[in-house]
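Visitor: My structure is stored as target15.txt, with compact mmCIF, C-alpha atoms.
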# COMPACT_ATOMS: atom_id res chain seq x y z
CA MET A 1 38.79 -40.46 -27.64
CA THR A 2 40.88 -43.62 -27.50
CA MET A 3 43.59 -44.04 -30.09
CA THR A 4 43.49 -47.28 -32.08
CA LEU A 5 46.41 -49.17 -33.59
CA TYR A 6 45.51 -51.88 -36.09
CA SER A 7 48.35 -54.39 -36.15
CA LEU A 8 49.01 -57.88 -37.50
CA CYS A 9 48.56 -61.32 -35.97
CA GLY A 10 48.36 -64.95 -36.88
CA ALA A 11 45.94 -67.49 -35.43
CA ASP A 12 46.72 -66.20 -31.93
CA ALA A 13 45.61 -62.56 -31.56
CA ALA A 14 47.71 -62.25 -28.38
CA ARG A 15 50.96 -62.51 -30.39
CA PRO A 16 51.08 -59.62 -32.89
CA PHE A 17 54.36 -59.96 -34.78
CA SER A 18 54.67 -57.34 -37.53
CA PRO A 19 57.99 -55.44 -37.32
CA HIS A 20 56.35 -52.26 -38.56
CA CYS A 21 53.56 -52.47 -35.98
CA TRP A 22 56.07 -53.05 -33.16
CA LYS A 23 57.84 -49.83 -34.15
CA VAL A 24 54.56 -47.98 -33.58
CA VAL A 25 53.75 -49.79 -30.32
CA MET A 26 57.13 -48.72 -28.94
CA ALA A 27 56.72 -45.18 -30.29
CA LEU A 28 53.30 -44.81 -28.64
CA HIS A 29 54.68 -45.97 -25.29
CA HIS A 30 57.70 -43.67 -25.77
CA LYS A 31 55.24 -40.79 -26.13
CA GLY A 32 53.31 -42.01 -23.08
CA LEU A 33 50.04 -42.28 -25.01
CA ASP A 34 47.12 -44.60 -24.24
CA PHE A 35 45.93 -46.69 -27.15
CA GLU A 36 44.00 -49.81 -27.98
CA GLU A 37 45.77 -52.37 -30.19
CA ARG A 38 43.55 -54.41 -32.54
CA PRO A 39 45.55 -57.21 -34.18
CA LEU A 40 44.19 -58.35 -37.55
CA ALA A 41 44.80 -61.33 -39.80
CA PHE A 42 46.42 -60.42 -43.14
CA THR A 43 43.21 -60.96 -45.03
CA ALA A 44 41.18 -58.88 -42.55
CA ILE A 45 43.19 -55.69 -43.13
CA PRO A 46 41.01 -54.46 -46.04
CA THR A 47 37.87 -54.86 -43.90
CA VAL A 48 38.69 -52.13 -41.34
CA GLU A 49 38.38 -48.37 -41.64
CA GLY A 50 36.64 -48.67 -45.03
CA GLY A 51 39.61 -50.39 -46.68
CA PHE A 52 41.84 -47.38 -45.90
CA SER A 53 45.11 -49.31 -46.36
CA LYS A 54 46.23 -52.69 -47.67
CA THR A 55 48.90 -52.87 -44.99
CA VAL A 56 49.21 -52.35 -41.24
CA PRO A 57 50.03 -50.46 -39.11
CA ILE A 58 46.94 -48.30 -39.44
CA PHE A 59 46.55 -45.71 -36.71
CA ARG A 60 43.44 -43.75 -35.75
CA ASP A 61 43.65 -40.73 -33.46
CA GLY A 62 40.25 -39.02 -33.39
CA GLN A 63 39.64 -37.79 -36.92
CA GLU A 64 43.18 -38.61 -38.06
CA LEU A 65 43.77 -41.87 -39.92
CA ILE A 66 47.35 -42.75 -40.91
CA SER A 67 49.14 -45.78 -42.33
CA ASP A 68 52.87 -46.58 -42.61
CA SER A 69 54.97 -46.81 -39.46
CA PHE A 70 57.31 -43.93 -40.27
CA ARG A 71 54.45 -41.58 -41.16
CA ILE A 72 52.72 -42.51 -37.91
CA ALA A 73 55.90 -41.67 -35.98
CA LEU A 74 56.15 -38.31 -37.77
CA TYR A 75 52.49 -37.64 -36.92
CA LEU A 76 53.06 -38.47 -33.24
CA GLU A 77 56.12 -36.21 -33.13
CA GLU A 78 54.14 -33.29 -34.56
CA ALA A 79 50.87 -33.89 -32.70
CA TYR A 80 52.47 -34.54 -29.29
CA PRO A 81 55.52 -32.25 -29.18
CA GLU A 82 55.43 -31.95 -25.38
CA GLN A 83 56.05 -35.67 -24.97
CA PRO A 84 59.57 -37.18 -25.31
CA SER A 85 60.92 -36.75 -28.82
CA LEU A 86 61.15 -39.74 -31.20
CA PHE A 87 63.77 -38.10 -33.43
CA GLY A 88 65.86 -35.77 -31.25
CA GLY A 89 65.36 -32.84 -33.58
CA GLN A 90 64.75 -32.33 -37.29
CA GLY A 91 68.20 -33.64 -38.28
CA GLY A 92 67.29 -36.95 -36.67
CA VAL A 93 64.40 -37.58 -39.06
CA ALA A 94 66.59 -38.15 -42.11
CA ALA A 95 69.03 -40.24 -40.07
CA ALA A 96 66.09 -42.42 -38.96
CA ARG A 97 65.14 -42.86 -42.62
CA LEU A 98 68.63 -44.19 -43.27
CA VAL A 99 68.20 -46.60 -40.35
CA GLU A 100 64.89 -47.64 -41.94
CA GLY A 101 66.69 -48.23 -45.25
CA TYR A 102 69.33 -50.34 -43.52
CA SER A 103 66.71 -52.30 -41.58
CA GLN A 104 64.47 -53.01 -44.56
CA HIS A 105 67.15 -53.63 -47.18
CA VAL A 106 69.76 -55.49 -45.12
CA VAL A 107 68.26 -56.80 -41.87
CA HIS A 108 64.75 -57.75 -43.05
CA GLY A 109 66.14 -59.90 -45.87
CA ALA A 110 68.35 -61.79 -43.40
CA ILE A 111 65.39 -62.33 -41.05
CA THR A 112 62.96 -63.37 -43.77
CA LYS A 113 65.29 -66.19 -44.77
CA ILE A 114 65.13 -67.52 -41.19
CA ALA A 115 61.52 -66.87 -40.23
CA LEU A 116 59.42 -67.29 -43.34
CA VAL A 117 58.15 -70.80 -42.72
CA ASP A 118 57.64 -70.06 -38.99
CA ILE A 119 55.49 -67.06 -39.93
CA HIS A 120 53.43 -69.19 -42.28
CA ASP A 121 52.90 -71.82 -39.58
CA MET A 122 51.54 -69.32 -37.05
CA LEU A 123 48.99 -67.80 -39.43
CA ALA A 124 45.31 -68.60 -39.39
CA PRO A 125 44.40 -71.12 -42.11
CA THR A 126 42.61 -68.44 -44.13
CA ASP A 127 45.85 -66.45 -44.35
CA GLN A 128 48.26 -69.27 -45.08
CA ALA A 129 47.38 -69.70 -48.76
CA TYR A 130 47.60 -65.95 -49.39
CA PHE A 131 50.91 -65.67 -47.55
CA ARG A 132 52.58 -68.60 -49.26
CA LYS A 133 51.62 -67.52 -52.75
CA SER A 134 52.57 -63.84 -52.30
CA ARG A 135 55.90 -64.60 -50.61
CA GLU A 136 56.98 -67.30 -53.04
CA GLU A 137 56.30 -64.85 -55.88
CA ARG A 138 58.17 -62.02 -54.15
CA LEU A 139 61.20 -64.11 -53.21
CA GLY A 140 61.30 -66.28 -56.30
CA ARG A 141 61.85 -69.37 -54.14
CA SER A 142 59.61 -72.10 -52.77
CA PHE A 143 59.00 -72.52 -49.04
CA GLU A 144 60.80 -75.85 -49.26
CA GLU A 145 63.92 -74.13 -50.62
CA MET A 146 63.69 -71.47 -47.88
CA ALA A 147 63.41 -74.14 -45.18
CA ALA A 148 66.48 -75.95 -46.53
CA GLY A 149 68.51 -72.72 -46.26
CA ARG A 150 67.45 -71.85 -42.71
CA ASP A 151 70.66 -72.90 -40.93
CA ALA A 152 72.78 -70.93 -43.39
CA ALA A 153 70.47 -67.94 -42.90
CA ILE A 154 70.97 -68.08 -39.12
CA ALA A 155 74.73 -68.24 -39.65
CA ALA A 156 74.53 -65.14 -41.88
CA LEU A 157 72.49 -63.01 -39.45
CA PRO A 158 75.40 -61.64 -37.34
CA ALA A 159 77.06 -60.10 -40.42
CA ALA A 160 73.85 -58.27 -41.37
CA LEU A 161 73.83 -56.72 -37.90
CA GLN A 162 77.48 -55.59 -37.98
CA PRO A 163 76.59 -51.90 -38.63
CA LEU A 164 74.41 -51.88 -35.48
CA ARG A 165 77.08 -53.78 -33.49
CA HIS A 166 79.68 -51.22 -34.60
CA MET A 167 77.53 -48.39 -33.19
CA LEU A 168 76.90 -50.27 -29.94
CA ALA A 169 80.64 -50.21 -29.19
CA PHE A 170 80.22 -46.47 -28.54
CA HIS A 171 76.61 -45.89 -27.38
CA PRO A 172 73.90 -47.92 -25.62
CA PHE A 173 71.16 -46.89 -28.10
CA VAL A 174 70.87 -45.65 -31.68
CA GLY A 175 69.46 -42.54 -30.03
CA GLY A 176 72.60 -42.21 -27.87
CA ALA A 177 72.10 -42.42 -24.11
CA THR A 178 68.37 -43.16 -24.52
CA PRO A 179 66.32 -44.74 -27.32
CA LEU A 180 64.79 -42.92 -30.28
CA PHE A 181 62.67 -44.13 -33.19
CA GLY A 182 65.83 -45.49 -34.89
CA ASP A 183 66.08 -48.02 -32.06
CA TYR A 184 62.46 -49.02 -32.48
CA ILE A 185 62.98 -49.54 -36.21
CA LEU A 186 65.72 -52.12 -35.62
CA PHE A 187 64.05 -53.48 -32.50
CA GLY A 188 60.90 -54.16 -34.53
CA ALA A 189 62.89 -56.33 -36.91
CA LEU A 190 64.39 -58.50 -34.15
CA GLN A 191 61.11 -58.61 -32.19
CA TRP A 192 59.49 -59.97 -35.35
CA LEU A 193 62.19 -62.68 -35.43
CA ARG A 194 61.77 -63.40 -31.71
CA ILE A 195 57.98 -63.76 -31.77
CA THR A 196 57.81 -65.80 -34.96
CA THR A 197 60.72 -68.17 -34.23
CA GLY A 198 61.05 -68.01 -30.44
CA ALA A 199 64.58 -66.55 -30.44
CA ILE A 200 66.80 -63.93 -32.07
CA HIS A 201 69.46 -66.57 -32.85
CA LEU A 202 72.41 -64.51 -31.58
CA PRO A 203 74.85 -65.32 -28.76
CA ALA A 204 73.78 -63.84 -25.41
CA ASP A 205 77.03 -61.87 -25.16
CA ASP A 206 76.62 -60.29 -28.60
CA PRO A 207 76.29 -56.49 -28.08
CA VAL A 208 73.19 -56.69 -30.28
CA SER A 209 71.63 -59.22 -27.87
CA ARG A 210 72.41 -56.97 -24.92
CA TRP A 211 70.87 -53.95 -26.71
CA PHE A 212 67.80 -56.04 -27.59
CA GLU A 213 67.43 -56.99 -23.90
CA ARG A 214 67.60 -53.30 -22.98
CA CYS A 215 64.80 -52.62 -25.47
CA LEU A 216 62.70 -55.45 -24.01
CA GLU A 217 62.97 -53.70 -20.62
CA LEU A 218 61.69 -50.36 -21.95
CA HIS A 219 58.22 -49.06 -21.14
CA ASP A 220 57.57 -51.52 -18.32
CA GLY A 221 58.60 -54.50 -20.44
CA VAL A 222 55.68 -54.17 -22.87
CA ALA A 223 57.59 -55.94 -25.64
CA ARG A 224 58.85 -58.78 -23.43
CA ALA A 225 55.26 -59.58 -22.42
CA VAL A 226 54.56 -60.92 -25.92
CA ALA A 227 56.49 -64.08 -26.74
CA MET B 1 98.57 -21.54 -35.40
CA THR B 2 97.66 -23.34 -38.61
CA MET B 3 95.82 -26.63 -38.26
CA THR B 4 97.39 -29.58 -40.06
CA LEU B 5 95.63 -32.60 -41.54
CA TYR B 6 97.87 -35.52 -42.49
CA SER B 7 96.10 -37.50 -45.20
CA LEU B 8 96.94 -40.28 -47.68
CA CYS B 9 98.18 -40.17 -51.27
CA GLY B 10 99.76 -42.33 -53.91
CA ALA B 11 102.54 -41.31 -56.28
CA ASP B 12 100.65 -38.05 -57.01
CA ALA B 13 100.41 -35.93 -53.84
CA ALA B 14 97.72 -33.79 -55.51
CA ARG B 15 95.22 -36.68 -55.41
CA PRO B 16 94.67 -37.71 -51.78
CA PHE B 17 92.14 -40.56 -51.84
CA SER B 18 91.54 -41.96 -48.33
CA PRO B 19 87.81 -42.15 -47.49
CA HIS B 20 88.51 -41.38 -43.84
CA CYS B 21 90.63 -38.33 -44.68
CA TRP B 22 87.94 -36.99 -47.03
CA LYS B 23 85.45 -37.14 -44.16
CA VAL B 24 87.74 -34.83 -42.19
CA VAL B 25 88.42 -32.49 -45.13
CA MET B 26 84.67 -32.02 -45.55
CA ALA B 27 84.14 -31.63 -41.79
CA LEU B 28 86.85 -28.93 -41.57
CA HIS B 29 85.26 -26.98 -44.44
CA HIS B 30 81.82 -27.50 -42.84
CA LYS B 31 83.21 -25.82 -39.71
CA GLY B 32 84.76 -23.06 -41.82
CA LEU B 33 88.26 -23.74 -40.48
CA ASP B 34 91.56 -23.02 -42.25
CA PHE B 35 93.96 -25.93 -42.40
CA GLU B 36 96.94 -27.26 -44.28
CA GLU B 37 96.61 -30.76 -45.79
CA ARG B 38 99.78 -32.84 -45.96
CA PRO B 39 99.22 -36.02 -48.00
CA LEU B 40 101.53 -38.90 -47.09
CA ALA B 41 102.44 -42.20 -48.70
CA PHE B 42 101.29 -45.25 -46.64
CA THR B 43 104.85 -46.01 -45.57
CA ALA B 44 105.52 -42.37 -44.55
CA ILE B 45 102.72 -42.26 -41.93
CA PRO B 46 104.92 -43.55 -39.06
CA THR B 47 107.51 -40.83 -39.79
CA VAL B 48 105.32 -37.84 -38.83
CA GLU B 49 104.42 -36.50 -35.39
CA GLY B 50 106.82 -38.92 -33.71
CA GLY B 51 105.00 -41.99 -35.00
CA PHE B 52 101.79 -40.91 -33.24
CA SER B 53 99.50 -43.15 -35.33
CA LYS B 54 99.88 -45.98 -37.84
CA THR B 55 96.92 -44.65 -39.81
CA VAL B 56 95.69 -41.33 -41.19
CA PRO B 57 93.88 -39.04 -40.77
CA ILE B 58 96.06 -37.43 -38.12
CA PHE B 59 95.00 -33.92 -37.14
CA ARG B 60 97.02 -31.30 -35.28
CA ASP B 61 95.35 -28.21 -33.83
CA GLY B 62 97.91 -26.35 -31.73
CA GLN B 63 98.79 -28.67 -28.85
CA GLU B 64 96.01 -31.15 -29.74
CA LEU B 65 96.93 -34.23 -31.76
CA ILE B 66 94.13 -36.62 -32.75
CA SER B 67 93.79 -39.63 -35.04
CA ASP B 68 90.67 -41.43 -36.34
CA SER B 69 88.16 -39.52 -38.47
CA PHE B 70 85.22 -39.85 -36.08
CA ARG B 71 87.27 -38.74 -33.07
CA ILE B 72 88.50 -35.75 -35.05
CA ALA B 73 84.90 -34.83 -35.92
CA LEU B 74 83.91 -35.11 -32.23
CA TYR B 75 86.88 -32.89 -31.32
CA LEU B 76 85.88 -30.26 -33.89
CA GLU B 77 82.30 -30.28 -32.63
CA GLU B 78 83.45 -29.69 -29.06
CA ALA B 79 86.29 -27.25 -29.79
CA TYR B 80 84.32 -25.12 -32.28
CA PRO B 81 80.73 -25.14 -31.01
CA GLU B 82 79.93 -21.74 -32.54
CA GLN B 83 80.53 -23.05 -36.06
CA PRO B 84 77.86 -25.12 -37.90
CA SER B 85 77.18 -28.42 -36.14
CA LEU B 86 78.44 -31.70 -37.60
CA PHE B 87 75.94 -33.84 -35.67
CA GLY B 88 72.81 -31.75 -35.14
CA GLY B 89 72.75 -32.39 -31.41
CA GLN B 90 73.89 -35.16 -29.09
CA GLY B 91 71.37 -37.68 -30.45
CA GLY B 92 72.98 -37.31 -33.87
CA VAL B 93 76.33 -38.66 -32.67
CA ALA B 94 75.13 -42.23 -32.14
CA ALA B 95 73.17 -42.12 -35.41
CA ALA B 96 76.36 -41.06 -37.20
CA ARG B 97 78.14 -44.06 -35.64
CA LEU B 98 75.48 -46.31 -37.18
CA VAL B 99 76.09 -44.61 -40.54
CA GLU B 100 79.81 -45.28 -40.01
CA GLY B 101 79.02 -48.94 -39.30
CA TYR B 102 76.94 -49.18 -42.48
CA SER B 103 79.61 -47.43 -44.53
CA GLN B 104 82.51 -49.52 -43.28
CA HIS B 105 80.78 -52.90 -43.09
CA VAL B 106 78.58 -52.74 -46.20
CA VAL B 107 79.73 -49.98 -48.56
CA HIS B 108 83.51 -50.21 -48.10
CA GLY B 109 83.53 -53.91 -48.88
CA ALA B 110 81.63 -53.30 -52.11
CA ILE B 111 84.05 -50.52 -53.10
CA THR B 112 87.19 -52.46 -52.20
CA LYS B 113 86.16 -55.20 -54.62
CA ILE B 114 86.03 -52.63 -57.41
CA ALA B 115 88.94 -50.33 -56.60
CA LEU B 116 91.66 -52.47 -55.04
CA VAL B 117 93.85 -52.91 -58.10
CA ASP B 118 93.33 -49.25 -59.12
CA ILE B 119 94.51 -48.16 -55.68
CA HIS B 120 97.59 -50.35 -55.99
CA ASP B 121 98.40 -48.90 -59.40
CA MET B 122 98.29 -45.28 -58.21
CA LEU B 123 100.63 -45.87 -55.26
CA ALA B 124 104.29 -44.92 -55.21
CA PRO B 125 106.51 -47.97 -55.89
CA THR B 126 107.70 -48.04 -52.27
CA ASP B 127 104.10 -48.50 -51.12
CA GLN B 128 102.96 -51.05 -53.67
CA ALA B 129 104.65 -54.07 -52.11
CA TYR B 130 103.35 -53.20 -48.62
CA PHE B 131 99.83 -52.60 -49.93
CA ARG B 132 99.62 -55.80 -51.96
CA LYS B 133 100.88 -58.02 -49.17
CA SER B 134 98.69 -56.48 -46.43
CA ARG B 135 95.52 -56.45 -48.56
CA GLU B 136 95.92 -59.97 -49.91
CA GLU B 137 96.32 -61.18 -46.33
CA ARG B 138 93.30 -59.20 -45.12
CA LEU B 139 90.99 -60.25 -47.97
CA GLY B 140 92.27 -63.80 -48.38
CA ARG B 141 92.33 -63.36 -52.16
CA SER B 142 95.04 -62.52 -54.70
CA PHE B 143 94.96 -59.29 -56.71
CA GLU B 144 94.47 -61.40 -59.83
CA GLU B 145 91.29 -62.91 -58.34
CA MET B 146 90.06 -59.45 -57.32
CA ALA B 147 90.65 -58.10 -60.85
CA ALA B 148 88.69 -60.99 -62.36
CA GLY B 149 85.70 -60.16 -60.15
CA ARG B 150 85.66 -56.42 -60.89
CA ASP B 151 82.68 -56.37 -63.28
CA ALA B 152 80.58 -58.40 -60.85
CA ALA B 153 81.61 -56.03 -58.04
CA ILE B 154 80.44 -53.02 -60.07
CA ALA B 155 77.13 -54.77 -60.72
CA ALA B 156 76.72 -55.39 -56.97
CA LEU B 157 77.40 -51.79 -55.89
CA PRO B 158 73.84 -50.40 -56.31
CA ALA B 159 72.44 -52.98 -53.87
CA ALA B 160 74.98 -52.00 -51.20
CA LEU B 161 73.77 -48.41 -51.52
CA GLN B 162 70.05 -49.24 -51.24
CA PRO B 163 69.78 -48.02 -47.60
CA LEU B 164 71.13 -44.60 -48.64
CA ARG B 165 68.91 -44.54 -51.73
CA HIS B 166 65.87 -45.33 -49.56
CA MET B 167 66.62 -42.29 -47.38
CA LEU B 168 67.17 -40.05 -50.40
CA ALA B 169 63.55 -40.62 -51.49
CA PHE B 170 62.59 -38.44 -48.52
CA HIS B 171 65.47 -36.02 -47.81
CA PRO B 172 68.29 -34.41 -49.83
CA PHE B 173 70.98 -35.21 -47.23
CA VAL B 174 71.55 -37.71 -44.40
CA GLY B 175 71.48 -34.58 -42.23
CA GLY B 176 68.04 -33.65 -43.61
CA ALA B 177 67.82 -30.33 -45.49
CA THR B 178 71.57 -29.75 -45.19
CA PRO B 179 74.56 -32.10 -44.77
CA LEU B 180 75.96 -33.39 -41.50
CA PHE B 181 78.90 -35.67 -40.71
CA GLY B 182 76.79 -38.70 -41.71
CA ASP B 183 76.82 -37.37 -45.28
CA TYR B 184 80.58 -36.93 -45.19
CA ILE B 185 81.04 -40.50 -43.97
CA LEU B 186 79.25 -41.93 -47.01
CA PHE B 187 80.60 -39.25 -49.33
CA GLY B 188 84.14 -40.20 -48.30
CA ALA B 189 83.51 -43.77 -49.43
CA LEU B 190 82.30 -42.77 -52.89
CA GLN B 191 84.94 -40.04 -53.27
CA TRP B 192 87.54 -42.75 -52.61
CA LEU B 193 85.96 -44.80 -55.43
CA ARG B 194 85.83 -41.74 -57.73
CA ILE B 195 89.47 -40.70 -57.24
CA THR B 196 90.94 -44.19 -57.43
CA THR B 197 88.90 -45.47 -60.40
CA GLY B 198 87.76 -42.26 -62.14
CA ALA B 199 84.03 -42.85 -61.60
CA ILE B 200 81.45 -43.94 -59.04
CA HIS B 201 80.05 -46.54 -61.46
CA LEU B 202 76.37 -45.62 -60.91
CA PRO B 203 73.82 -44.33 -63.44
CA ALA B 204 73.64 -40.52 -63.54
CA ASP B 205 69.94 -40.61 -62.64
CA ASP B 206 70.49 -42.78 -59.55
CA PRO B 207 69.44 -40.73 -56.50
CA VAL B 208 72.81 -41.66 -54.98
CA SER B 209 74.58 -40.08 -57.97
CA ARG B 210 72.53 -36.91 -57.60
CA TRP B 211 73.30 -36.74 -53.86
CA PHE B 212 77.00 -37.30 -54.62
CA GLU B 213 76.91 -34.40 -57.11
CA ARG B 214 75.34 -32.21 -54.42
CA CYS B 215 78.20 -33.14 -52.08
CA LEU B 216 80.78 -32.31 -54.77
CA GLU B 217 79.26 -28.81 -54.95
CA LEU B 218 79.59 -28.19 -51.21
CA HIS B 219 82.20 -25.83 -49.76
CA ASP B 220 83.03 -24.18 -53.10
CA GLY B 221 83.50 -27.52 -54.83
CA VAL B 222 86.57 -28.50 -52.81
CA ALA B 223 85.96 -32.22 -53.39
CA ARG B 224 85.31 -31.86 -57.12
CA ALA B 225 88.67 -30.13 -57.55
CA VAL B 226 90.46 -33.44 -56.91
CA ALA B 227 89.91 -36.03 -59.62
Show me, as structure tokens, the structure contained in the file I just sent.
Guide:
Amino acid sequence: MTMTLYSLCGADAARPFSPHCWKVVMALHHKGLDFEERPLAFTAIPTVEGGFSKTVPIFRDGQELISDSFRIALYLEEAYPEQPSLFGGQGGVAAARLVEGYSQHVVHGAITKIALVDIHDMLAPTDQAYFRKSREERLGRSFEEMAAGRDAAIAALPAALQPLRHMLAFHPFVGGATPLFGDYILFGALQWLRITTGAIHLPADDPVSRWFERCLELHDGVARAVA
Amino acid sequence: MTMTLYSLCGADAARPFSPHCWKVVMALHHKGLDFEERPLAFTAIPTVEGGFSKTVPIFRDGQELISDSFRIALYLEEAYPEQPSLFGGQGGVAAARLVEGYSQHVVHGAITKIALVDIHDMLAPTDQAYFRKSREERLGRSFEEMAAGRDAAIAALPAALQPLRHMLAFHPFVGGATPLFGDYILFGALQWLRITTGAIHLPADDPVSRWFERCLELHDGVARAVA
């Protein structure tokens, strides 16, 4: 039975952009698994799989139905142990959770301040009203205020990535010599920025840019093919 | 031959406080190794081991002489492979470097803003002039300005620890079920805050506080014994 990944898209279904869904796309390729990706508009998420989850990714593998990117990765690790590991052992699971915490609580905030209006503009009209209202409430700022702060947000991005840059002085991937799920967590964040704004807004010689390029090459360039 | 760890102290040699030296103290106990700790004043560091390093920790194990906390941990892992692992496998080394990046580039800055004047006040008089001049140059702010911002710095600390707190919702240690060097990296930062200011300035029911208490219990409470 084919595996199905429900992900997130705007008006153009060929450009899924959710950071959390990209983590799973990369994890599925890492495990060498065949799957069908079905990108959904925000407001279509509750219409699939009987309203199983309000958020994507949602992943179906036969009778198994799972939401949340990290829980999907844990499922893949347990269900497909013969395939390349996503965590490099049990000790790597908690470390990946810390990477997730860093990504969501430091990096995502920096990216949201850059990309928010771009994300809005690429959504289907039915999603735009929902997105604007929910994000303005969450952030406590209007889209106009966010747009006015965009240049400052781009200038602040390198500092948010300093912990990753520090690591990259010693190793090519968060996983060491080869990538693990921790790489895909941080890659997902910058892929989200790249697809929604057209660039990651870092100098080409930044070690983070060079690591991001290495990630774009992984798995036959699956992530570079979406732009 | 006894191993020797050169660490850092102020006027009271019984209260070594360097975050980087505490990482190594915990790593040595983790490995079950006997060692002698020799706390030094800042200005005494160039006088030991023929001026081998301008910074502590410095670690001597027979003919081996190593500086830098992470390099010492890597040495211990390689030299004492039969003892409990500090990294949980090769993939854990790069992840620990990312934890180091997070600790030094997010957490240390938050702690410095709280503890700087306390650190100055516990130094021996010979060190105080050196410390004040070097830190004011590095931070671009006077000690008086730092002292005025102390309450705001304490209020900002919980946000800097949000990535760690996120992980602690799923696992008791950065290492998973038991601690690894990644725990000692972040523990060292908060132990530095505790020894220099008398507290970690977090609510007792904060998951970070509970994790810190678990770390204080490790290795027969060696870290709690210094206060």
Visitor: Can you check which residues of chain A have any atom within 12 Å of chain B? Use all atoms listed in the file and format it as an MDAnalysis selection string.
Guide: chainID A and resid 70:71 85:108 158:183 186
Visitor: Fewer than 4 positions away in the same chain doesn't count, so skip those; otherwise give me all residues within 7 Å of Trp22 (chain B), counting all atoms listed in the file, as a ChimeraX atom specification.
Guide: /B:18,26,188
Visitor: Just give me the gap between CA of Gly140 (chain B) and CA of Arg15 (chain B) in Å, one decimal is fine.
Guide: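 Taking CA of Gly140 (chain B) and CA of Arg15 (chain B), their separation equals 28.2 Å.
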Visitor: Counting all atoms listed in the file, select every polymer residue within 12 Å of (85.2, -22.7, -50.1) as defined in the file's coordinates, and provide the selection as a ChimeraX atom specification.
Guide: /B:25-26,28-34,216-225
Visitor: Select, from A:Thr43, A:Ser209, A:Thr2, A:Ser142, the residue with the minimum atom-to-atom distance to Pro125 (chain A), counting all atoms listed in the file.
Guide: A:Thr43
Visitor: Tell me, as number ranges by chain, which residues lie within 8 Å of region 109-120 of chain B, counting all atoms listed in the file; anything in the same chain fewer than 3 positions away does not count.
Guide: B: 104-106, 123, 128, 131-132, 143, 146-147, 149-151, 153-154, 156-157, 160, 189-190, 193, 196-197
Visitor: Can you work out the spacing between CA of Ala13 (chain B) and CA of Ala44 (chain B) in Å, to one decimal?
Guide: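 According to the coordinates, CA of Ala13 (chain B) and CA of Ala44 (chain B) are separated by 12.4 Å.
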Visitor: Could you check how far CA of Ile195 (chain A) sits from CA of Gly50 (chain A), in Å to one decimal?
Guide: 29.3 Å
Visitor: From the list B:Ala129, B:Ala148, B:Ala155, B:Leu40, which residue is nearest Ala14 (chain B) when using all atoms listed in the file?
Guide: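 For Ala14 (chain B), the nearest of the candidates is B:Leu40.
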